[in-house]
$ cat target-v1.cif   # mmCIF, C-alpha atoms
data_final
#
loop_
_atom_site.label_atom_id
_atom_site.label_comp_id
_atom_site.auth_asym_id
_atom_site.auth_seq_id
_atom_site.Cartn_x
_atom_site.Cartn_y
_atom_site.Cartn_z
CA MET A 1 0.00 0.00 0.00
CA THR A 2 1.48 3.29 -1.15
CA GLU A 3 0.30 6.70 0.03
CA GLU A 4 -1.63 7.08 -3.24
CA LEU A 5 -3.43 3.77 -2.69
CA SER A 6 -4.23 4.69 0.92
CA ILE A 7 -5.77 7.98 -0.22
CA LEU A 8 -7.79 6.07 -2.82
CA ALA A 9 -9.03 3.66 -0.14
CA GLN A 10 -10.22 6.54 2.04
CA HIS A 11 -11.97 8.19 -0.90
CA VAL A 12 -13.73 4.98 -1.93
CA SER A 13 -14.77 4.19 1.65
CA ARG A 14 -16.30 7.65 2.18
CA PHE A 15 -18.06 7.58 -1.18
CA LEU A 16 -19.60 4.16 -0.62
CA GLU A 17 -20.75 4.98 2.90
CA ARG A 18 -22.43 8.14 1.67
CA GLU A 19 -23.81 7.11 -1.70
CA PHE A 20 -24.26 3.32 -1.76
CA VAL A 21 -24.64 1.82 1.72
CA PRO A 22 -28.01 3.55 2.37
CA HIS A 23 -29.42 1.79 -0.72
CA ARG A 24 -28.07 -1.70 -0.05
CA GLN A 25 -31.30 -3.21 1.27
CA ARG A 26 -33.35 -1.72 -1.56
CA TRP A 27 -30.94 -3.20 -4.11
CA ASP A 28 -31.13 -6.57 -2.38
CA ASP A 29 -34.92 -6.47 -2.55
CA ALA A 30 -34.91 -5.39 -6.21
CA GLY A 31 -32.26 -7.91 -7.24
CA VAL A 32 -30.26 -5.28 -9.11
CA VAL A 33 -28.12 -2.18 -8.51
CA ASP A 34 -29.56 1.06 -9.90
CA ARG A 35 -28.17 2.29 -13.20
CA ASP A 36 -27.78 5.69 -11.57
CA ALA A 37 -25.34 4.09 -9.11
CA TRP A 38 -23.13 3.00 -12.00
CA ARG A 39 -22.97 6.55 -13.29
CA LYS A 40 -22.14 7.88 -9.83
CA ALA A 41 -19.41 5.25 -9.51
CA GLY A 42 -17.99 6.40 -12.84
CA GLU A 43 -17.94 10.02 -11.72
CA ALA A 44 -16.16 9.01 -8.51
CA GLY A 45 -13.47 7.04 -10.37
CA LEU A 46 -14.54 3.58 -9.19
CA LEU A 47 -14.91 2.15 -12.71
CA CYS A 48 -12.05 1.03 -14.96
CA ALA A 49 -9.41 2.33 -12.55
CA SER A 50 -6.63 0.33 -14.24
CA ILE A 51 -7.57 1.33 -17.79
CA PRO A 52 -5.34 4.03 -19.39
CA GLU A 53 -6.53 7.62 -19.24
CA GLU A 54 -6.54 7.87 -23.04
CA PHE A 55 -9.54 5.52 -22.99
CA GLY A 56 -11.31 7.29 -20.12
CA GLY A 57 -9.96 5.11 -17.33
CA GLY A 58 -8.12 5.99 -14.15
CA GLY A 59 -4.65 5.23 -15.49
CA GLY A 60 -3.82 3.03 -12.50
CA THR A 61 -2.75 -0.59 -12.03
CA ARG A 62 -4.39 -3.76 -10.80
CA ALA A 63 -3.49 -2.56 -7.30
CA HIS A 64 -6.01 0.27 -7.73
CA ASP A 65 -8.66 -2.27 -8.73
CA ILE A 66 -7.91 -4.34 -5.63
CA VAL A 67 -8.16 -1.34 -3.31
CA ILE A 68 -11.57 -0.44 -4.74
CA ALA A 69 -12.73 -4.06 -4.43
CA GLN A 70 -11.49 -4.29 -0.83
CA GLU A 71 -13.29 -1.16 0.28
CA THR A 72 -16.46 -2.30 -1.49
CA ALA A 73 -16.36 -5.60 0.40
CA ARG A 74 -15.64 -3.88 3.71
CA ALA A 75 -18.71 -1.72 3.15
CA GLY A 76 -20.83 -4.86 2.79
CA LEU A 77 -21.39 -4.27 -0.93
CA GLY A 78 -19.16 -7.00 -2.32
CA GLY A 79 -22.06 -9.21 -3.32
CA GLY A 80 -23.83 -6.49 -5.29
CA PHE A 81 -21.96 -3.58 -6.82
CA GLY A 82 -18.63 -5.20 -5.98
CA ALA A 83 -19.28 -8.39 -7.96
CA GLY A 84 -20.71 -6.42 -10.87
CA ASN A 85 -17.83 -3.98 -10.99
CA GLY A 86 -15.37 -6.85 -10.77
CA VAL A 87 -16.72 -8.23 -14.03
CA HIS A 88 -17.16 -4.81 -15.63
CA SER A 89 -13.91 -3.05 -14.74
CA THR A 90 -11.37 -5.78 -14.17
CA ILE A 91 -12.48 -8.48 -16.62
CA VAL A 92 -14.45 -7.13 -19.59
CA ALA A 93 -12.56 -3.83 -19.76
CA HIS A 94 -9.27 -5.70 -19.81
CA TYR A 95 -10.44 -8.08 -22.53
CA ILE A 96 -11.11 -5.01 -24.65
CA LEU A 97 -7.87 -3.28 -23.63
CA ALA A 98 -5.70 -6.35 -24.25
CA TYR A 99 -7.28 -7.67 -27.43
CA GLY A 100 -9.48 -4.96 -28.93
CA THR A 101 -8.61 -2.94 -31.98
CA GLN A 102 -7.93 0.76 -31.51
CA GLU A 103 -11.43 1.51 -32.80
CA GLN A 104 -13.00 -0.94 -30.34
CA LYS A 105 -11.11 0.53 -27.38
CA GLU A 106 -12.14 4.06 -28.31
CA ARG A 107 -15.76 3.02 -28.88
CA TRP A 108 -16.43 1.07 -25.69
CA LEU A 109 -13.94 1.82 -22.92
CA PRO A 110 -14.77 5.53 -22.28
CA LYS A 111 -18.48 4.69 -21.90
CA MET A 112 -17.62 1.84 -19.54
CA ALA A 113 -15.41 4.13 -17.44
CA SER A 114 -18.15 6.74 -17.12
CA GLY A 115 -20.85 4.23 -16.22
CA GLU A 116 -22.87 5.00 -19.34
CA TYR A 117 -22.31 1.38 -20.37
CA VAL A 118 -22.47 -1.64 -18.07
CA SER A 119 -20.75 -4.74 -19.41
CA ALA A 120 -20.95 -8.51 -19.02
CA VAL A 121 -19.12 -11.58 -20.29
CA ALA A 122 -21.24 -14.53 -21.40
CA MET A 123 -19.34 -17.80 -21.02
CA THR A 124 -21.50 -20.32 -19.16
CA GLU A 125 -24.31 -22.20 -20.89
CA PRO A 126 -27.01 -24.46 -19.43
CA GLY A 127 -24.96 -27.56 -20.29
CA THR A 128 -21.47 -26.03 -20.16
CA GLY A 129 -19.75 -24.63 -17.08
CA SER A 130 -16.00 -24.85 -16.62
CA ASP A 131 -15.47 -26.64 -19.96
CA LEU A 132 -15.39 -23.62 -22.25
CA GLN A 133 -14.31 -25.69 -25.25
CA ALA A 134 -17.76 -27.28 -25.20
CA VAL A 135 -19.81 -24.10 -25.72
CA ARG A 136 -22.62 -24.53 -28.25
CA THR A 137 -23.39 -20.88 -29.03
CA THR A 138 -22.44 -20.21 -32.64
CA ALA A 139 -21.43 -17.11 -34.58
CA THR A 140 -22.00 -17.83 -38.27
CA ARG A 141 -20.15 -15.61 -40.75
CA THR A 142 -22.24 -13.60 -43.21
CA ASN A 143 -21.44 -10.86 -45.72
CA ALA A 144 -22.36 -8.24 -43.11
CA GLY A 145 -20.73 -9.84 -40.08
CA TYR A 146 -22.02 -12.64 -37.83
CA VAL A 147 -25.31 -14.20 -36.80
CA LEU A 148 -25.35 -15.37 -33.17
CA ASN A 149 -27.46 -18.26 -31.93
CA GLY A 150 -27.39 -19.77 -28.47
CA GLN A 151 -28.19 -19.43 -24.80
CA LYS A 152 -26.12 -18.33 -21.81
CA THR A 153 -26.84 -18.53 -18.10
CA PHE A 154 -25.51 -17.28 -14.74
CA ILE A 155 -24.40 -14.04 -16.42
CA THR A 156 -23.33 -11.33 -13.97
CA ASN A 157 -24.73 -7.88 -14.91
CA GLY A 158 -27.11 -9.64 -17.30
CA GLN A 159 -30.08 -7.37 -16.60
CA ASN A 160 -28.07 -4.14 -16.80
CA ALA A 161 -25.60 -4.98 -19.56
CA ASP A 162 -25.27 -2.63 -22.54
CA ILE A 163 -22.45 -4.67 -24.05
CA VAL A 164 -21.92 -8.41 -23.68
CA VAL A 165 -18.72 -10.22 -24.64
CA VAL A 166 -20.11 -13.51 -25.92
CA VAL A 167 -18.03 -16.69 -26.10
CA ALA A 168 -19.10 -18.37 -29.34
CA LYS A 169 -17.94 -20.91 -31.91
CA THR A 170 -17.01 -19.29 -35.22
CA ASP A 171 -15.74 -22.69 -36.39
CA PRO A 172 -17.55 -25.51 -34.53
CA ALA A 173 -15.31 -28.15 -36.11
CA ALA A 174 -12.07 -26.63 -34.81
CA GLY A 175 -12.53 -27.26 -31.07
CA SER A 176 -10.84 -24.67 -28.87
CA LYS A 177 -9.28 -23.06 -31.96
CA GLY A 178 -12.78 -22.27 -33.24
CA VAL A 179 -13.78 -20.12 -30.24
CA SER A 180 -14.08 -16.34 -30.68
CA LEU A 181 -15.25 -13.42 -28.57
CA ILE A 182 -18.09 -11.42 -30.14
CA VAL A 183 -19.25 -8.16 -28.55
CA VAL A 184 -23.01 -7.63 -28.64
CA GLU A 185 -24.35 -4.10 -28.14
CA THR A 186 -27.71 -4.94 -26.60
CA ALA A 187 -29.64 -1.73 -27.32
CA ASN A 188 -30.07 -2.43 -31.03
CA ALA A 189 -29.64 -6.19 -31.12
CA GLU A 190 -32.79 -7.67 -32.63
CA GLY A 191 -33.22 -11.27 -31.46
CA PHE A 192 -31.39 -10.65 -28.16
CA LYS A 193 -33.47 -11.34 -25.05
CA ARG A 194 -32.81 -11.20 -21.35
CA GLY A 195 -34.32 -14.06 -19.41
CA ARG A 196 -34.99 -14.27 -15.70
CA ASN A 197 -33.02 -12.37 -13.11
CA LEU A 198 -32.05 -15.58 -11.34
CA GLU A 199 -32.85 -16.00 -7.65
CA LYS A 200 -29.72 -17.11 -5.80
CA ILE A 201 -28.73 -18.30 -2.34
CA GLY A 202 -26.63 -15.16 -1.84
CA MET A 203 -25.60 -11.93 -3.57
CA PRO A 204 -29.21 -10.80 -4.01
CA ALA A 205 -28.32 -7.33 -5.36
CA GLN A 206 -26.18 -8.80 -8.14
CA ASP A 207 -28.30 -9.29 -11.25
CA THR A 208 -27.48 -12.73 -12.61
CA SER A 209 -29.36 -13.64 -15.75
CA GLU A 210 -30.17 -15.94 -18.58
CA LEU A 211 -29.41 -14.47 -22.02
CA PHE A 212 -30.84 -15.65 -25.35
CA PHE A 213 -29.46 -15.04 -28.84
CA ASP A 214 -31.87 -15.86 -31.67
CA ASP A 215 -30.38 -14.94 -35.05
CA VAL A 216 -28.76 -11.83 -33.58
CA ALA A 217 -26.95 -9.92 -36.32
CA VAL A 218 -23.59 -8.51 -35.17
CA PRO A 219 -21.33 -6.39 -37.40
CA ALA A 220 -17.93 -7.81 -38.33
CA GLU A 221 -16.17 -5.01 -36.46
CA ASN A 222 -17.54 -6.43 -33.17
CA LEU A 223 -15.27 -9.48 -33.36
CA LEU A 224 -12.90 -8.75 -30.48
CA GLY A 225 -9.45 -8.17 -31.92
CA GLY A 226 -10.64 -8.68 -35.48
CA VAL A 227 -9.24 -12.22 -35.83
CA GLU A 228 -11.34 -15.38 -35.48
CA GLY A 229 -10.32 -18.35 -33.34
CA GLN A 230 -8.46 -16.38 -30.66
CA GLY A 231 -11.18 -16.49 -28.01
CA PHE A 232 -9.98 -19.48 -25.98
CA VAL A 233 -6.44 -18.12 -25.67
CA GLN A 234 -7.80 -14.66 -24.81
CA LEU A 235 -9.91 -16.13 -22.01
CA MET A 236 -7.10 -18.26 -20.58
CA VAL A 237 -4.61 -15.40 -20.39
CA GLN A 238 -6.99 -13.29 -18.31
CA LEU A 239 -8.13 -16.08 -15.98
CA ALA A 240 -5.07 -15.82 -13.67
CA TRP A 241 -6.14 -12.31 -12.69
CA GLU A 242 -9.78 -13.33 -12.29
CA ARG A 243 -8.82 -16.16 -9.96
CA LEU A 244 -6.47 -13.99 -7.92
CA SER A 245 -9.23 -11.40 -7.53
CA CYS A 246 -11.49 -14.16 -6.13
CA ALA A 247 -8.75 -15.01 -3.62
CA PHE A 248 -8.41 -11.35 -2.62
CA GLY A 249 -12.14 -11.07 -2.08
CA ALA A 250 -12.05 -14.20 0.06
CA VAL A 251 -9.31 -12.81 2.29
CA VAL A 252 -11.11 -9.49 2.79
CA GLU A 253 -14.27 -11.35 3.82
CA MET A 254 -12.29 -13.52 6.25
CA GLU A 255 -10.80 -10.42 7.84
CA ARG A 256 -14.19 -8.75 8.03
CA ALA A 257 -15.81 -11.85 9.57
CA VAL A 258 -13.17 -12.01 12.29
CA ASP A 259 -13.45 -8.29 13.09
CA LEU A 260 -17.26 -8.39 13.31
CA THR A 261 -17.24 -11.54 15.42
CA VAL A 262 -14.64 -10.27 17.87
CA GLN A 263 -16.79 -7.18 18.40
CA TYR A 264 -19.91 -9.32 18.88
CA VAL A 265 -18.44 -11.81 21.38
CA ARG A 266 -17.04 -9.00 23.50
CA GLU A 267 -20.52 -7.51 23.86
CA ARG A 268 -22.68 -10.65 23.99
CA LYS A 269 -22.98 -12.44 27.35
CA ALA A 270 -23.83 -16.03 28.26
CA PHE A 271 -23.96 -17.48 31.75
CA GLY A 272 -23.18 -14.04 33.14
CA GLN A 273 -19.95 -13.43 31.25
CA PRO A 274 -18.89 -12.23 27.78
CA LEU A 275 -18.63 -14.93 25.12
CA MET A 276 -15.05 -13.81 24.57
CA SER A 277 -14.10 -15.12 28.01
CA PHE A 278 -14.80 -18.74 27.01
CA GLN A 279 -11.81 -20.75 25.88
CA ASN A 280 -13.67 -22.23 22.91
CA THR A 281 -14.43 -18.73 21.60
CA GLN A 282 -10.82 -17.70 22.02
CA PHE A 283 -9.49 -20.81 20.27
CA LYS A 284 -11.92 -20.54 17.34
CA LEU A 285 -11.11 -16.88 16.78
CA ALA A 286 -7.38 -17.51 17.18
CA GLU A 287 -7.59 -20.06 14.37
CA ALA A 288 -9.72 -17.80 12.18
CA LYS A 289 -7.42 -14.82 12.69
CA THR A 290 -4.36 -16.90 11.83
CA GLN A 291 -5.99 -18.23 8.67
CA ALA A 292 -6.93 -14.70 7.60
CA VAL A 293 -3.38 -13.44 8.18
CA ILE A 294 -1.88 -16.36 6.21
CA GLY A 295 -4.31 -15.62 3.38
CA ARG A 296 -3.48 -11.92 3.40
CA ASN A 297 0.23 -12.53 3.15
CA PHE A 298 -0.25 -15.08 0.36
CA VAL A 299 -2.45 -12.93 -1.88
CA ASP A 300 -0.45 -9.74 -1.24
CA GLN A 301 2.65 -11.57 -2.40
CA LEU A 302 0.86 -12.79 -5.51
CA LEU A 303 -0.40 -9.32 -6.39
CA VAL A 304 3.20 -8.08 -6.32
CA ARG A 305 4.08 -10.91 -8.71
CA LEU A 306 1.12 -10.04 -10.93
CA LEU A 307 2.16 -6.39 -11.11
CA ASP A 308 5.66 -7.56 -12.07
CA GLY A 309 4.20 -9.80 -14.79
CA ASP A 310 5.41 -12.91 -12.97
CA LEU A 311 2.21 -14.63 -11.78
CA ASP A 312 1.71 -18.06 -13.32
CA PRO A 313 -1.75 -19.65 -13.76
CA THR A 314 -0.95 -22.59 -11.46
CA THR A 315 -0.17 -20.40 -8.47
CA ALA A 316 -3.26 -18.29 -9.17
CA ALA A 317 -5.30 -21.51 -9.10
CA MET A 318 -3.74 -22.40 -5.73
CA ALA A 319 -4.74 -19.02 -4.33
CA LYS A 320 -8.27 -19.27 -5.68
CA TRP A 321 -9.12 -22.69 -4.26
CA TRP A 322 -7.36 -22.28 -0.89
CA ALA A 323 -8.61 -18.79 -0.10
CA THR A 324 -12.22 -19.38 -1.15
CA ASP A 325 -12.36 -22.72 0.67
CA MET A 326 -10.93 -21.08 3.78
CA GLN A 327 -13.35 -18.16 3.42
CA CYS A 328 -16.31 -20.52 3.74
CA LYS A 329 -14.75 -22.30 6.74
CA VAL A 330 -13.83 -19.12 8.61
CA ILE A 331 -17.21 -17.48 8.09
CA ASP A 332 -18.98 -20.68 9.15
CA GLU A 333 -16.96 -20.81 12.40
CA CYS A 334 -17.64 -17.14 13.05
CA LEU A 335 -21.36 -17.55 12.41
CA GLN A 336 -21.46 -20.38 14.97
CA LEU A 337 -20.24 -17.98 17.66
CA TYR A 338 -23.30 -15.79 17.04
CA GLY A 339 -25.63 -18.66 17.91
CA GLY A 340 -29.16 -18.21 16.57
CA TYR A 341 -28.50 -14.59 15.68
CA GLY A 342 -25.94 -15.73 13.13
CA TYR A 343 -28.78 -17.27 11.13
CA MET A 344 -30.68 -13.98 10.96
CA MET A 345 -30.18 -11.91 7.80
CA GLU A 346 -30.22 -8.70 9.82
CA TYR A 347 -26.70 -9.63 10.95
CA PRO A 348 -23.90 -9.14 8.38
CA ILE A 349 -22.40 -12.54 9.14
CA ALA A 350 -25.50 -14.29 7.76
CA ARG A 351 -25.27 -12.34 4.50
CA MET A 352 -21.55 -13.10 4.28
CA TYR A 353 -22.24 -16.81 4.82
CA ALA A 354 -24.74 -16.90 1.95
CA ASP A 355 -22.57 -14.81 -0.38
CA ALA A 356 -19.43 -16.87 0.22
CA ARG A 357 -20.61 -20.19 -1.16
CA VAL A 358 -20.43 -19.25 -4.84
CA GLN A 359 -16.75 -18.33 -4.50
CA LYS A 360 -15.88 -22.04 -4.68
CA ILE A 361 -17.81 -22.32 -7.96
CA TYR A 362 -17.27 -19.35 -10.26
CA ALA A 363 -14.06 -18.43 -12.11
CA GLY A 364 -13.59 -22.19 -12.43
CA THR A 365 -14.70 -24.56 -9.67
CA ASN A 366 -12.23 -25.43 -6.94
CA GLU A 367 -12.15 -28.97 -8.30
CA ILE A 368 -10.93 -27.57 -11.63
CA MET A 369 -8.32 -25.52 -9.74
CA LYS A 370 -6.96 -28.71 -8.15
CA MET A 371 -6.80 -30.40 -11.54
CA LEU A 372 -4.78 -27.48 -12.93
CA ILE A 373 -2.40 -27.64 -9.97
CA ALA A 374 -2.02 -31.42 -10.29
CA ARG A 375 -1.07 -31.11 -13.96
CA ALA A 376 1.91 -28.96 -12.96
CA LEU A 377 3.26 -31.45 -10.41
#
$ encode --input "target-v1.cif" --output "structure tokens"
Amino acid sequence: MTEELSILAQHVSRFLEREFVPHRQRWDDAGVVDRDAWRKAGEAGLLCASIPEEFGGGGGTRAHDIVIAQETARAGLGGGFGAGNGVHSTIVAHYILAYGTQEQKERWLPKMASGEYVSAVAMTEPGTGSDLQAVRTTATRTNAGYVLNGQKTFITNGQNADIVVVVAKTDPAAGSKGVSLIVVETANAEGFKRGRNLEKIGMPAQDTSELFFDDVAVPAENLLGGVEGQGFVQLMVQLAWERLSCAFGAVVEMERAVDLTVQYVRERKAFGQPLMSFQNTQFKLAEAKTQAVIGRNFVDQLLVRLLDGDLDPTTAAMAKWWATDMQCKVIDECLQLYGGYGYMMEYPIARMYADARVQKIYAGTNEIMKMLIARAL
């Protein structure tokens, strides 16, 4: 943490407390974050912080993204705006930055940085999760561009998205070499439909949707990078960052769970004495605190490696599975110390418990992470 990053953290924390936290329950009830909130976030510099200034971004690094994500989680907004911004600013924006043509960068990134556009990436299909080579959505070449046909599900920002990076087969016979990324601008896409805003165990404010593509005509210039068959490689290169960001989020939630629980057990009494005075409470929190500190040191070290261009996919997979698995264990132990109150959604620990479970599933399941690690042995 440099002085600049510390100042950013303070700015983000104040902004969220003033502008977003008062609306959290309403967003949970609605199942979506207001579009106006996205524009406010853009004005405050919370969107596309690591995108160069020439494309409307903040001109920072991945460290700036992490600081924003950390403060969002600490404000209790990680499962709503935080998850959506993670996809928007640190995944989709970087696909466009890394692989887009100059015209594509100039067309989409400034609107994403301002909050005028909200973005999504459509990988998962009803029958295809972690196995991206098996996607069935097709992009058939025509004289004017492409015609998209297929269905996607579990798409973060699906209800709000103005642009969707769609993983599709431009050459179904070529396996992974036939996968391309096609950008759909939803406002004028005839044949594009949003399905249900899916009801989930946790993250209620994060719109997660089904998307349908029925003969959707897309201009040729919306092929990301302008070359077919590069989609699988493009996705794989960016996945190390996505998995590290999951690990960072897990560590922040562990730290937050421990802090909230320590405060609770000091105030709550049983049998005439504070819960903190019981040896079981002390031992459980000692373990949880140690696990959070180990996680923090691990992911901080990996972010330094990422910034130096030295983070390999195998180590990122290690961080993702260990930190998210430990997140669920730590939060579960902390919730137990609340007793019955831990099961009540009015307490943050209950919300954190529900939100945490998906961390072991998205960005590649933890079972897939272990397979990737095993291959490198």
$ residues_around --input "target-v1.cif" --residues "region 336-349 of chain A" --least-positions-apart "4" --cutoff "7 Å" --atoms "only C-alpha atoms" --output "list in words"
Ala257, Asp332 and Tyr353 of chain A
$ residues_around --input "target-v1.cif" --residues "Val165 (chain A)" --least-positions-apart "6" --cutoff "9 Å" --atoms "all atoms listed in the file" --output "ChimeraX atom specification"
/A:92,95,119-123,181-184,224
$ residues_around --input "target-v1.cif" --residues "Ala250 (chain A)" --least-positions-apart "2" --cutoff "7 Å" --atoms "all atoms listed in the file" --output "NGL selection string"
:A and (246-248 or 252-254 or 323-324 or 327)
$ closest_residue --input "target-v1.cif" --among "A:Ile91, A:Ala63, A:Ala350, A:Ala113" --to "Gly45 (chain A)" --atoms "all atoms listed in the file"
A:Ala113
$ axis_aligned_box --input "target-v1.cif" --around "region 185-202 of chain A" --padding-each-side "5 Å" --output "lines of an AutoDock Vina configuration file"
center_x = -29.7
center_y = -10.0
center_z = -17.2
size_x = 20.6
size_y = 26.6
size_z = 40.8
$ atom_distance --input "target-v1.cif" --atom1 "CA of Gln151 (chain A)" --atom2 "CA of Ala168 (chain A)"
10.2 Å
$ closest_residue --input "target-v1.cif" --among "A:Thr124, A:Gln279, A:Trp321, A:Ala98" --to "Lys360 (chain A)" --atoms "all atoms listed in the file"
A:Trp321
$ atom_distance --input "target-v1.cif" --atom1 "CA of Thr137 (chain A)" --atom2 "CA of Val166 (chain A)"
8.6 Å
$ closest_residue --input "target-v1.cif" --among "A:Phe154, A:Arg196, A:Phe55, A:Pro313" --to "Ile361 (chain A)" --atoms "all atoms listed in the file"
A:Phe154
$ residues_around --input "target-v1.cif" --residues "Gln133 (chain A)" --least-positions-apart "5" --cutoff "12 Å" --atoms "all atoms listed in the file" --output "MDAnalysis selection string"
chainID A and resid 123:125 127:128 167:169 171:180 229 231:233 235:236
$ residues_near_point --input "target-v1.cif" --point "(-9.1, -14.5, 3.3)" --cutoff "12 Å" --atoms "all atoms listed in the file" --output "PyMOL selection string"
chain A and resi 70+73+244-258+288-300+319-331+356+359
$ atom_distance --input "target-v1.cif" --atom1 "CA of Arg268 (chain A)" --atom2 "CA of Gly76 (chain A)"
22.1 Å
$ closest_residue --input "target-v1.cif" --among "A:Lys193, A:Lys370, A:Arg357, A:Arg136" --to "Gly158 (chain A)" --atoms "all atoms listed in the file"
A:Lys193
$ residues_near_point --input "target-v1.cif" --point "(2.7, -15.0, -12.2)" --cutoff "12 Å" --atoms "all atoms listed in the file" --output "list of chain:residue names"
A:Val237, A:Gln238, A:Leu239, A:Ala240, A:Trp241, A:Arg243, A:Leu244, A:Val299, A:Gln301, A:Leu302, A:Leu303, A:Val304, A:Arg305, A:Leu306, A:Leu307, A:Asp308, A:Gly309, A:Asp310, A:Leu311, A:Asp312, A:Pro313, A:Thr314, A:Thr315, A:Ala316, A:Ala317, A:Met318, A:Ala319
$ build_atoms --input "target-v1.cif" --residues "region 138-155 of chain A" --atoms "N, CA and C atoms" --output "short mmCIF file (atom, residue, chain, number, x, y, z; two decimals), in the coordinates of the input"
data_model
loop_
_atom_site.label_atom_id
_atom_site.label_comp_id
_atom_site.auth_asym_id
_atom_site.auth_seq_id
_atom_site.Cartn_x
_atom_site.Cartn_y
_atom_site.Cartn_z
N THR A 138 -23.17 -20.35 -31.38
CA THR A 138 -22.44 -20.21 -32.64
C THR A 138 -22.52 -18.78 -33.17
N ALA A 139 -21.47 -18.39 -33.86
CA ALA A 139 -21.43 -17.11 -34.58
C ALA A 139 -21.11 -17.43 -36.03
N THR A 140 -22.14 -17.43 -36.86
CA THR A 140 -22.00 -17.83 -38.27
C THR A 140 -21.65 -16.61 -39.13
N ARG A 141 -20.62 -16.73 -39.92
CA ARG A 141 -20.15 -15.61 -40.75
C ARG A 141 -21.14 -15.33 -41.88
N THR A 142 -21.42 -14.06 -42.09
CA THR A 142 -22.24 -13.60 -43.21
C THR A 142 -21.49 -12.48 -43.93
N ASN A 143 -22.07 -11.97 -45.00
CA ASN A 143 -21.44 -10.86 -45.72
C ASN A 143 -21.34 -9.61 -44.85
N ALA A 144 -22.32 -9.44 -43.94
CA ALA A 144 -22.36 -8.24 -43.11
C ALA A 144 -21.64 -8.40 -41.78
N GLY A 145 -21.35 -9.63 -41.38
CA GLY A 145 -20.73 -9.84 -40.08
C GLY A 145 -20.98 -11.24 -39.56
N TYR A 146 -21.75 -11.35 -38.45
CA TYR A 146 -22.02 -12.64 -37.83
C TYR A 146 -23.49 -12.72 -37.42
N VAL A 147 -23.98 -13.95 -37.35
CA VAL A 147 -25.31 -14.20 -36.80
C VAL A 147 -25.12 -15.13 -35.59
N LEU A 148 -25.53 -14.63 -34.42
CA LEU A 148 -25.35 -15.37 -33.17
C LEU A 148 -26.59 -16.17 -32.84
N ASN A 149 -26.38 -17.42 -32.42
CA ASN A 149 -27.46 -18.26 -31.93
C ASN A 149 -26.97 -19.06 -30.73
N GLY A 150 -27.77 -19.01 -29.65
CA GLY A 150 -27.39 -19.77 -28.47
C GLY A 150 -28.03 -19.22 -27.22
N GLN A 151 -27.64 -19.81 -26.10
CA GLN A 151 -28.19 -19.43 -24.80
C GLN A 151 -27.07 -19.42 -23.77
N LYS A 152 -27.09 -18.42 -22.90
CA LYS A 152 -26.12 -18.33 -21.81
C LYS A 152 -26.88 -18.23 -20.48
N THR A 153 -26.19 -18.61 -19.40
CA THR A 153 -26.84 -18.53 -18.10
C THR A 153 -25.81 -18.14 -17.03
N PHE A 154 -26.33 -17.74 -15.87
CA PHE A 154 -25.51 -17.28 -14.74
C PHE A 154 -24.65 -16.07 -15.12
N ILE A 155 -25.20 -15.15 -15.90
CA ILE A 155 -24.40 -14.04 -16.42
C ILE A 155 -24.51 -12.83 -15.49
#
